[in-house]
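Below: coords_35.txt (compact mmCIF, C-alpha atoms)
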# COMPACT_ATOMS: atom_id res chain seq x y z
CA MET A 921 8.32 -13.15 -22.95
CA PRO A 922 11.98 -13.74 -23.82
CA THR A 923 14.28 -14.61 -20.94
CA TRP A 924 16.55 -11.59 -21.32
CA LEU A 925 13.60 -9.20 -21.12
CA PHE A 926 12.31 -10.96 -18.01
CA LEU A 927 15.73 -10.76 -16.38
CA ILE A 928 16.03 -7.03 -17.10
CA LEU A 929 12.55 -6.36 -15.72
CA ALA A 930 13.19 -8.51 -12.67
CA ALA A 931 16.45 -6.69 -11.97
CA VAL A 932 14.71 -3.31 -12.28
CA ALA A 933 11.92 -4.45 -9.96
CA VAL A 934 14.29 -5.77 -7.29
CA VAL A 935 16.50 -2.67 -7.45
CA GLY A 936 13.41 -0.46 -7.23
CA ALA A 937 12.10 -2.41 -4.25
CA GLY A 938 15.49 -2.04 -2.59
CA VAL A 939 15.36 1.72 -3.13
CA VAL A 940 11.86 1.82 -1.60
CA VAL A 941 13.10 0.16 1.56
CA LEU A 942 16.56 1.69 1.83
CA HIS A 943 16.37 5.27 0.57
CA ARG A 944 16.52 8.02 3.17
CA ASN A 945 14.06 10.30 1.39
CA PRO A 946 10.44 9.00 1.51
CA VAL A 947 9.53 10.88 -1.68
CA LYS A 948 12.20 8.97 -3.58
CA SER A 949 10.92 5.77 -1.99
CA ALA A 950 7.48 6.58 -3.43
CA LEU A 951 8.92 7.27 -6.89
CA ALA A 952 10.89 3.99 -6.77
CA LEU A 953 7.62 2.25 -5.87
CA VAL A 954 6.04 3.76 -9.01
CA MET A 955 8.90 2.24 -10.99
CA VAL A 956 8.25 -1.19 -9.44
CA MET A 957 4.53 -0.88 -10.27
CA PHE A 958 5.27 -0.07 -13.92
CA THR A 959 7.73 -2.97 -14.14
CA LEU A 960 5.10 -5.32 -12.75
CA ALA A 961 2.58 -3.99 -15.27
CA VAL A 962 4.97 -4.89 -18.11
CA LEU A 963 5.43 -8.34 -16.56
CA TYR A 964 1.63 -8.73 -16.50
CA LEU A 965 1.59 -7.91 -20.21
CA GLY A 966 4.18 -10.62 -20.76
CA LEU A 967 1.89 -13.02 -18.88
CA SER A 968 -0.94 -12.03 -21.29
CA ALA A 969 -2.91 -10.33 -18.52
CA SER A 970 -3.52 -7.12 -20.45
CA PHE A 971 -6.57 -5.99 -18.43
CA LEU A 972 -4.72 -6.38 -15.16
CA ALA A 973 -1.70 -4.49 -16.54
CA VAL A 974 -3.93 -1.51 -17.36
CA ILE A 975 -5.59 -1.71 -13.95
CA GLN A 976 -2.19 -1.88 -12.29
CA VAL A 977 -1.03 1.32 -13.99
CA MET A 978 -4.32 3.14 -13.39
CA VAL A 979 -4.94 2.18 -9.78
CA TYR A 980 -1.44 1.79 -8.38
CA ALA A 981 0.82 4.05 -10.40
CA GLY A 982 -2.03 6.53 -10.77
CA ALA A 983 -4.34 6.74 -7.78
CA VAL A 984 -2.51 5.09 -4.90
CA MET A 985 0.86 6.67 -5.56
CA VAL A 986 -0.66 10.14 -5.96
CA LEU A 987 -2.25 9.57 -2.55
CA PHE A 988 1.13 8.62 -1.08
CA LEU A 989 2.85 11.66 -2.56
CA PHE A 990 0.08 13.98 -1.34
CA VAL A 991 0.43 12.65 2.19
CA LEU A 992 4.21 12.95 2.05
CA PHE A 993 3.99 16.56 0.93
CA LEU A 994 1.29 17.24 3.51
CA LEU A 995 3.38 15.84 6.36
CA ASN A 996 6.62 17.44 5.16
CA VAL A 997 8.65 14.52 6.47
CA GLY A 998 12.37 14.80 6.99
CA VAL A 999 15.10 12.75 5.38
CA GLU A 1000 17.23 11.80 8.35
CA SER A 1001 17.88 8.42 9.97
CA PRO A 1002 15.35 6.22 8.20
CA PHE A 1003 16.02 3.07 10.16
CA SER A 1004 14.96 2.11 13.60
CA THR A 1005 17.53 2.77 16.28
CA ARG A 1006 16.34 -0.17 18.33
CA ILE A 1007 18.91 -2.89 17.89
CA ALA A 1008 16.32 -5.61 18.57
CA ARG A 1009 14.14 -4.36 15.72
CA ARG A 1010 17.03 -4.26 13.28
CA LEU A 1011 18.17 -7.76 14.23
CA SER A 1012 14.65 -9.20 13.99
CA ALA A 1013 14.16 -7.48 10.62
CA GLY A 1014 17.33 -8.99 9.21
CA LEU A 1015 16.58 -12.40 10.67
CA VAL A 1016 12.97 -12.54 9.50
CA GLY A 1017 13.84 -11.25 6.03
CA MET A 1018 16.64 -13.78 5.59
CA LEU A 1019 14.56 -16.67 6.94
CA MET A 1020 11.65 -15.80 4.67
CA GLY A 1021 13.88 -15.43 1.62
CA LEU A 1022 15.65 -18.72 2.40
CA THR A 1023 12.38 -20.56 2.95
CA LEU A 1024 10.83 -19.34 -0.29
CA ALA A 1025 14.03 -19.88 -2.28
CA GLY A 1026 14.44 -23.35 -0.78
CA ALA A 1027 10.88 -24.33 -1.61
CA LEU A 1028 11.36 -23.11 -5.17
CA LEU A 1029 14.70 -24.88 -5.54
CA VAL A 1030 13.21 -28.18 -4.41
CA ARG A 1031 10.10 -27.95 -6.57
CA GLY A 1032 11.38 -25.49 -9.14
CA PRO A 1033 13.34 -27.31 -11.89
CA ALA A 1034 10.30 -28.95 -13.42
CA ALA A 1035 8.41 -25.68 -13.39
CA ALA A 1036 11.39 -23.82 -14.81
CA ALA A 1037 11.67 -26.16 -17.74
CA ALA A 1038 7.96 -26.10 -18.49
CA SER A 1039 6.92 -23.46 -20.96
CA ALA A 1040 3.63 -21.67 -20.70
CA PRO A 1041 0.72 -23.63 -22.13
CA PRO A 1042 -0.94 -22.10 -25.18
CA VAL A 1043 -3.97 -19.97 -24.41
CA ALA A 1044 -6.81 -18.54 -26.43
CA GLN A 1045 -6.48 -15.24 -28.22
CA ASP A 1046 -8.69 -13.43 -25.72
CA PHE A 1047 -6.87 -14.66 -22.60
CA GLY A 1048 -6.60 -11.88 -20.04
CA THR A 1049 -8.72 -9.39 -21.93
CA ILE A 1050 -11.38 -7.39 -20.17
CA GLU A 1051 -14.13 -9.56 -21.71
CA ALA A 1052 -12.63 -12.81 -20.45
CA VAL A 1053 -11.84 -11.53 -16.95
CA GLY A 1054 -15.14 -9.67 -16.69
CA ARG A 1055 -17.14 -12.75 -17.66
CA LEU A 1056 -15.65 -14.65 -14.72
CA LEU A 1057 -15.90 -11.64 -12.43
CA PHE A 1058 -19.63 -11.25 -13.02
CA THR A 1059 -20.57 -14.93 -12.86
CA ARG A 1060 -18.57 -17.09 -10.49
CA TYR A 1061 -17.10 -14.20 -8.49
CA LEU A 1062 -20.16 -11.96 -8.42
CA LEU A 1063 -20.54 -12.07 -4.62
CA PRO A 1064 -16.92 -11.08 -3.86
CA PHE A 1065 -17.23 -8.35 -6.48
CA GLU A 1066 -20.31 -6.88 -4.84
CA LEU A 1067 -18.75 -7.19 -1.39
CA LEU A 1068 -15.78 -5.31 -2.81
CA SER A 1069 -18.04 -2.38 -3.66
CA VAL A 1070 -19.31 -2.37 -0.06
CA LEU A 1071 -15.70 -2.45 1.16
CA LEU A 1072 -14.79 0.52 -1.03
CA LEU A 1073 -17.79 2.46 0.26
CA VAL A 1074 -16.78 1.72 3.85
CA ALA A 1075 -13.22 2.79 3.05
CA ILE A 1076 -14.42 6.06 1.53
CA VAL A 1077 -16.60 6.85 4.54
CA GLY A 1078 -13.84 5.83 6.93
CA ALA A 1079 -11.17 7.89 5.20
CA VAL A 1080 -13.40 10.97 5.06
CA PHE A 1081 -14.41 10.53 8.69
CA ALA A 1082 -10.83 9.99 9.89
CA SER A 1083 -9.43 12.98 8.02
CA ARG A 1084 -12.27 15.44 8.58
CA PRO A 1085 -11.06 18.82 9.79
CA ARG A 1086 -11.88 19.08 13.49
CA TRP A 1087 -10.08 22.26 14.16
CA PRO A 1088 -10.21 25.23 13.97
CA VAL A 1089 -13.92 25.72 14.39
CA PRO A 1090 -15.32 28.61 12.35
CA GLU A 1091 -14.40 31.89 13.95
CA VAL A 1092 -17.37 33.90 15.17
CA PRO A 1093 -16.71 37.37 16.62
CA GLU A 1094 -17.48 37.48 20.30
CA GLU A 1095 -20.00 40.30 20.02
CA LEU A 1096 -22.15 38.20 17.70
CA TRP A 1097 -22.55 35.38 20.19
CA PRO A 1098 -26.04 35.13 21.71
CA GLU A 1099 -26.42 35.75 25.40
CA GLY A 1100 -25.35 32.88 27.60
CA THR A 1101 -23.74 30.73 24.88
CA ARG A 1102 -20.15 31.69 25.54
CA PRO A 1103 -18.35 28.51 26.69
CA GLY A 1104 -17.14 29.20 30.16
CA GLY A 1105 -13.44 28.98 30.85
CA THR A 1106 -12.34 28.27 27.27
CA THR A 1107 -9.86 30.69 25.83
CA TYR A 1108 -9.21 30.58 22.09
CA THR A 1109 -5.68 31.27 21.01
CA PRO A 1110 -4.90 32.62 17.53
CA GLU A 1111 -3.87 29.08 16.49
CA GLY A 1112 -7.31 27.91 17.42
CA GLU A 1113 -6.28 25.56 20.24
CA PRO A 1114 -8.36 25.74 23.40
CA ARG A 1115 -6.26 26.26 26.50
CA GLU A 1116 -8.74 24.93 29.01
CA GLY A 1117 -12.21 23.63 29.24
CA PRO A 1118 -13.84 20.48 27.89
CA ARG A 1119 -12.32 19.53 24.55
CA THR A 1120 -14.90 17.01 23.53
CA GLU A 1121 -17.73 19.51 23.42
CA ASP A 1122 -15.94 22.31 21.65
CA ARG A 1123 -13.67 20.71 19.10
CA THR A 1124 -16.27 19.40 16.72
CA GLY A 1125 -17.93 22.75 16.45
CA GLY A 1126 -21.30 21.40 17.49
CA ASP A 1127 -21.84 19.24 14.39
CA ALA A 1128 -21.44 15.96 16.23
CA MET B 1109 10.62 -18.06 -19.08
CA GLY B 1110 9.31 -20.68 -16.73
CA LEU B 1111 6.91 -20.28 -13.89
CA SER B 1112 9.61 -20.49 -11.23
CA GLY B 1113 11.30 -17.32 -12.48
CA TYR B 1114 8.18 -15.32 -11.69
CA LEU B 1115 7.80 -17.04 -8.34
CA VAL B 1116 11.40 -16.29 -7.38
CA LEU B 1117 10.91 -12.64 -8.29
CA SER B 1118 7.67 -12.59 -6.30
CA ALA B 1119 9.40 -14.13 -3.27
CA LEU B 1120 12.25 -11.62 -3.51
CA LEU B 1121 9.88 -8.64 -3.64
CA PHE B 1122 7.86 -10.03 -0.73
CA ALA B 1123 10.97 -10.53 1.43
CA ILE B 1124 12.15 -6.99 0.63
CA GLY B 1125 8.72 -5.69 1.65
CA VAL B 1126 8.86 -7.59 4.94
CA GLY B 1127 12.29 -6.10 5.60
CA GLY B 1128 10.93 -2.62 4.95
CA VAL B 1129 8.01 -3.09 7.34
CA LEU B 1130 10.31 -4.27 10.11
CA LEU B 1131 13.19 -1.89 9.47
CA ARG B 1132 11.78 1.51 8.65
CA ARG B 1133 10.64 4.15 11.13
CA ASN B 1134 8.44 6.29 8.89
CA VAL B 1135 4.85 5.03 8.87
CA VAL B 1136 4.28 6.13 5.26
CA VAL B 1137 7.25 4.06 4.06
CA ILE B 1138 5.95 1.12 6.10
CA ILE B 1139 2.62 1.34 4.25
CA MET B 1140 4.57 1.51 0.98
CA SER B 1141 6.35 -1.71 1.96
CA VAL B 1142 2.97 -3.34 2.62
CA GLU B 1143 1.90 -2.32 -0.89
CA LEU B 1144 5.11 -3.90 -2.18
CA MET B 1145 4.21 -7.18 -0.48
CA LEU B 1146 0.68 -7.10 -1.93
CA ASN B 1147 2.16 -6.53 -5.38
CA ALA B 1148 4.52 -9.47 -4.93
CA ALA B 1149 1.54 -11.68 -4.10
CA ASN B 1150 -0.26 -10.32 -7.17
CA LEU B 1151 2.66 -11.26 -9.40
CA ALA B 1152 2.51 -14.84 -8.14
CA LEU B 1153 -1.26 -14.93 -8.73
CA VAL B 1154 -0.98 -13.67 -12.30
CA ALA B 1155 1.91 -16.04 -13.05
CA PHE B 1156 -0.12 -19.04 -11.80
CA SER B 1157 -3.11 -17.77 -13.77
CA ARG B 1158 -1.03 -17.84 -16.96
CA TYR B 1159 0.60 -21.22 -16.40
CA LEU B 1160 -2.39 -23.20 -15.19
CA PRO B 1161 -4.10 -21.58 -17.26
CA GLY B 1162 -7.27 -19.90 -16.03
CA HIS B 1163 -8.65 -16.50 -15.20
CA ASP B 1164 -9.31 -17.10 -11.50
CA GLY B 1165 -5.90 -15.83 -10.46
CA GLN B 1166 -6.43 -12.60 -12.35
CA VAL B 1167 -9.82 -12.06 -10.70
CA LEU B 1168 -8.20 -12.59 -7.31
CA ALA B 1169 -5.40 -10.16 -8.20
CA PHE B 1170 -8.06 -7.62 -9.24
CA ILE B 1171 -9.72 -7.98 -5.83
CA VAL B 1172 -6.35 -7.63 -4.11
CA ILE B 1173 -5.68 -4.38 -6.01
CA ALA B 1174 -9.02 -2.94 -4.88
CA VAL B 1175 -8.44 -3.98 -1.25
CA ALA B 1176 -4.93 -2.51 -1.36
CA ALA B 1177 -6.30 0.81 -2.63
CA ALA B 1178 -8.86 0.90 0.18
CA GLU B 1179 -6.19 0.00 2.73
CA ALA B 1180 -3.90 2.76 1.50
CA ALA B 1181 -6.68 5.36 1.65
CA VAL B 1182 -7.77 4.53 5.20
CA GLY B 1183 -4.22 3.96 6.43
CA LEU B 1184 -2.94 7.26 5.09
CA ALA B 1185 -5.93 9.13 6.54
CA LEU B 1186 -5.06 7.65 9.92
CA VAL B 1187 -1.39 8.59 9.45
CA VAL B 1188 -2.37 12.19 8.74
CA GLN B 1189 -4.50 12.27 11.89
CA VAL B 1190 -1.70 10.77 13.99
CA ALA B 1191 0.76 13.29 12.57
CA ARG B 1192 -1.64 16.12 13.42
CA SER B 1193 -2.27 15.05 16.99
CA ARG B 1194 1.13 13.60 17.96
CA GLY B 1195 3.41 15.64 15.71
CA THR B 1196 5.38 12.65 14.43
CA VAL B 1197 5.09 9.70 12.05
CA ASP B 1198 8.03 7.84 13.60
CA VAL B 1199 6.96 4.44 14.89
CA ASP B 1200 9.72 4.52 17.52
CA ASP B 1201 8.11 7.61 19.03
CA LEU B 1202 4.50 6.39 18.90
CA THR B 1203 4.61 4.39 22.12
CA LEU B 1204 1.24 5.31 23.62
CA LEU B 1205 -0.09 1.75 23.44
CA ARG B 1206 3.04 0.09 24.77
CA GLY B 1207 2.31 -2.02 27.82

How does this structure look as structure tokens?
Amino acid sequence: MPTWLFLILAAVAVVGAGVVVLHRNPVKSALALVMVMFTLAVLYLGLSASFLAVIQVMVYAGAVMVLFLFVLFLLNVGVESPFSTRIARRLSAGLVGMLMGLTLAGALLVRGPAAAAASAPPVAQDFGTIEAVGRLLFTRYLLPFELLSVLLLVAIVGAVFASRPRWPVPEVPEELWPEGTRPGGTTYTPEGEPREGPRTEDRTGGDA
Amino acid sequence: MGLSGYLVLSALLFAIGVGGVLLRRNVVVIIMSVELMLNAANLALVAFSRYLPGHDGQVLAFIVIAVAAAEAAVGLALVVQVARSRGTVDVDDLTLLRG
């Protein structure tokens, strides 16, 4: 990858990351994050990691960002005062960010010149293709790969369980209730919130 | 472009992500900043994978992408539940667990 192209992409990525952190509107933060993801995908292409570039666009810019935007639209979040009002939090954020940036930049400046001068070693034609990565993934890294599938299953079950609709329970007209099953003391408002009575028994609608 | 250029960019993105996690109030933007940090780490992994060279870094980056997707799904489901029950996603207002 030529240096000028890298510099342009790096500038776009840093500006996009800054917009993610600094913009008042969370939806625009999400869109700036999409821009950073695409920039990183192009950088992966320049590093001859073509399979990972495709995965980056599909998983991050596709699935994860759609999830973020859905949640943002679902929550209908406001645009005011994005930063913490606690002065201690703001100071610690600035301090930690600056220290971390200085540490990383210092480490790179001490060790960097040799690495900067070195050009990338030549690689085979199929470096970074899905065949080459997949061969390693299914031999040496087979156990982490299989554990990853278990992790994804757990995440699916956890996400579904955490976001299951608990309320309102299905409305049943009072005259259809069998004798003696009416929960004593619980009054159902039109919004479906119980005013009194045990919540733990009623809110799951009896499916727990 | 040498290896250190990619590493400097990765460090910059990571530091910006840390700043976002510490600075922002909206939980969704905080999770976005975490994703930014994971992506910065991925960039370093892929850069090392190219310059060493070897595919191990790319496999690790692949695993990181999958873990990040799972983290985002579970985290956002929890955020939705918190917003439903507490009515806010502002971390300054979610002080139930403060000692």

What's around Val1053 in chain A at 10 Å? Count all atoms listed in the file, leave out sequence neighbours fewer than 2 positions away in its own chain, and write the answer as a list in words.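 Returned residues: Ala969, Phe971, Leu972, Asp1046, Phe1047, Gly1048, Thr1049, Ile1050, Glu1051, Arg1055, Leu1056, Leu1057 and Phe1058 of chain A; Gly1162, His1163, Asp1164, Gly1165, Gln1166, Val1167 and Phe1170 of chain B.
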
Quick one: residues within 9 Å of Gly938 in chain A, all atoms listed in the file, excluding same-chain residues fewer than 2 positions away - as number ranges by chain? A: 933-936, 940-943, 952; B: 1121, 1124-1125, 1128

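In plain terms, chain B touches chain A through B:Met1109, B:Gly1110, B:Leu1111, B:Ser1112, B:Ala1123, B:Gly1127, B:Gly1128, B:Leu1130, B:Leu1131, B:Arg1132, B:Arg1133, B:Arg1158, B:Tyr1159, B:Ala1178, B:Val1182, B:Ala1185, where touching means an atom at most 6 Å away, counting all atoms listed in the file.
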
Go ahead and write the residues just picked, C-alpha atoms, as a PDB file, in the coordinates of the input.
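Result written to out02.pdb:
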ATOM      1  CA  MET B1109      10.620 -18.060 -19.080  1.00  0.00           C
ATOM      2  CA  GLY B1110       9.310 -20.680 -16.730  1.00  0.00           C
ATOM      3  CA  LEU B1111       6.910 -20.280 -13.890  1.00  0.00           C
ATOM      4  CA  SER B1112       9.610 -20.490 -11.230  1.00  0.00           C
ATOM      5  CA  ALA B1123      10.970 -10.530   1.430  1.00  0.00           C
ATOM      6  CA  GLY B1127      12.290  -6.100   5.600  1.00  0.00           C
ATOM      7  CA  GLY B1128      10.930  -2.620   4.950  1.00  0.00           C
ATOM      8  CA  LEU B1130      10.310  -4.270  10.110  1.00  0.00           C
ATOM      9  CA  LEU B1131      13.190  -1.890   9.470  1.00  0.00           C
ATOM     10  CA  ARG B1132      11.780   1.510   8.650  1.00  0.00           C
ATOM     11  CA  ARG B1133      10.640   4.150  11.130  1.00  0.00           C
ATOM     12  CA  ARG B1158      -1.030 -17.840 -16.960  1.00  0.00           C
ATOM     13  CA  TYR B1159       0.600 -21.220 -16.400  1.00  0.00           C
ATOM     14  CA  ALA B1178      -8.860   0.900   0.180  1.00  0.00           C
ATOM     15  CA  VAL B1182      -7.770   4.530   5.200  1.00  0.00           C
ATOM     16  CA  ALA B1185      -5.930   9.130   6.540  1.00  0.00           C
TER      17      ALA B1185
END

Under the rule that only C-alpha atoms are counted, which of B:Ser1157, B:Asn1134, B:Ser1141, B:Asn1150 is the nearest residue to Asp1200 in chain B?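 Looking only at the distances to Asp1200 in chain B, the closest residue turns out to be B:Asn1134.
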
Which value, in Å to one decimal, gives the distance between CA of Val954 in chain A and CA of Ala981 in chain A?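 According to the coordinates, CA of Val954 in chain A and CA of Ala981 in chain A are separated by 5.4 Å.
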
Give the answer as one residue: which of A:Ala1008, A:Ser970, A:Met978, A:Met955 has the shortest atom-to-atom distance to Gln1045 in chain A, using all atoms listed in the file?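 For Gln1045 in chain A, the nearest of the candidates is A:Ser970.
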
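Note that the spacing between CA of Ala1152 in chain B and CA of Val932 in chain A amounts to 17.3 Å.
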
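Among the candidate residues B:Val1172, B:Asn1147, B:Met1140, B:Val1135, the one lying nearest to Val1187 in chain B is B:Val1135, with distances computed using all atoms listed in the file.
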
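The coordinates place CA of Gly1183 in chain B at 7.6 Å from CA of Ile1139 in chain B.
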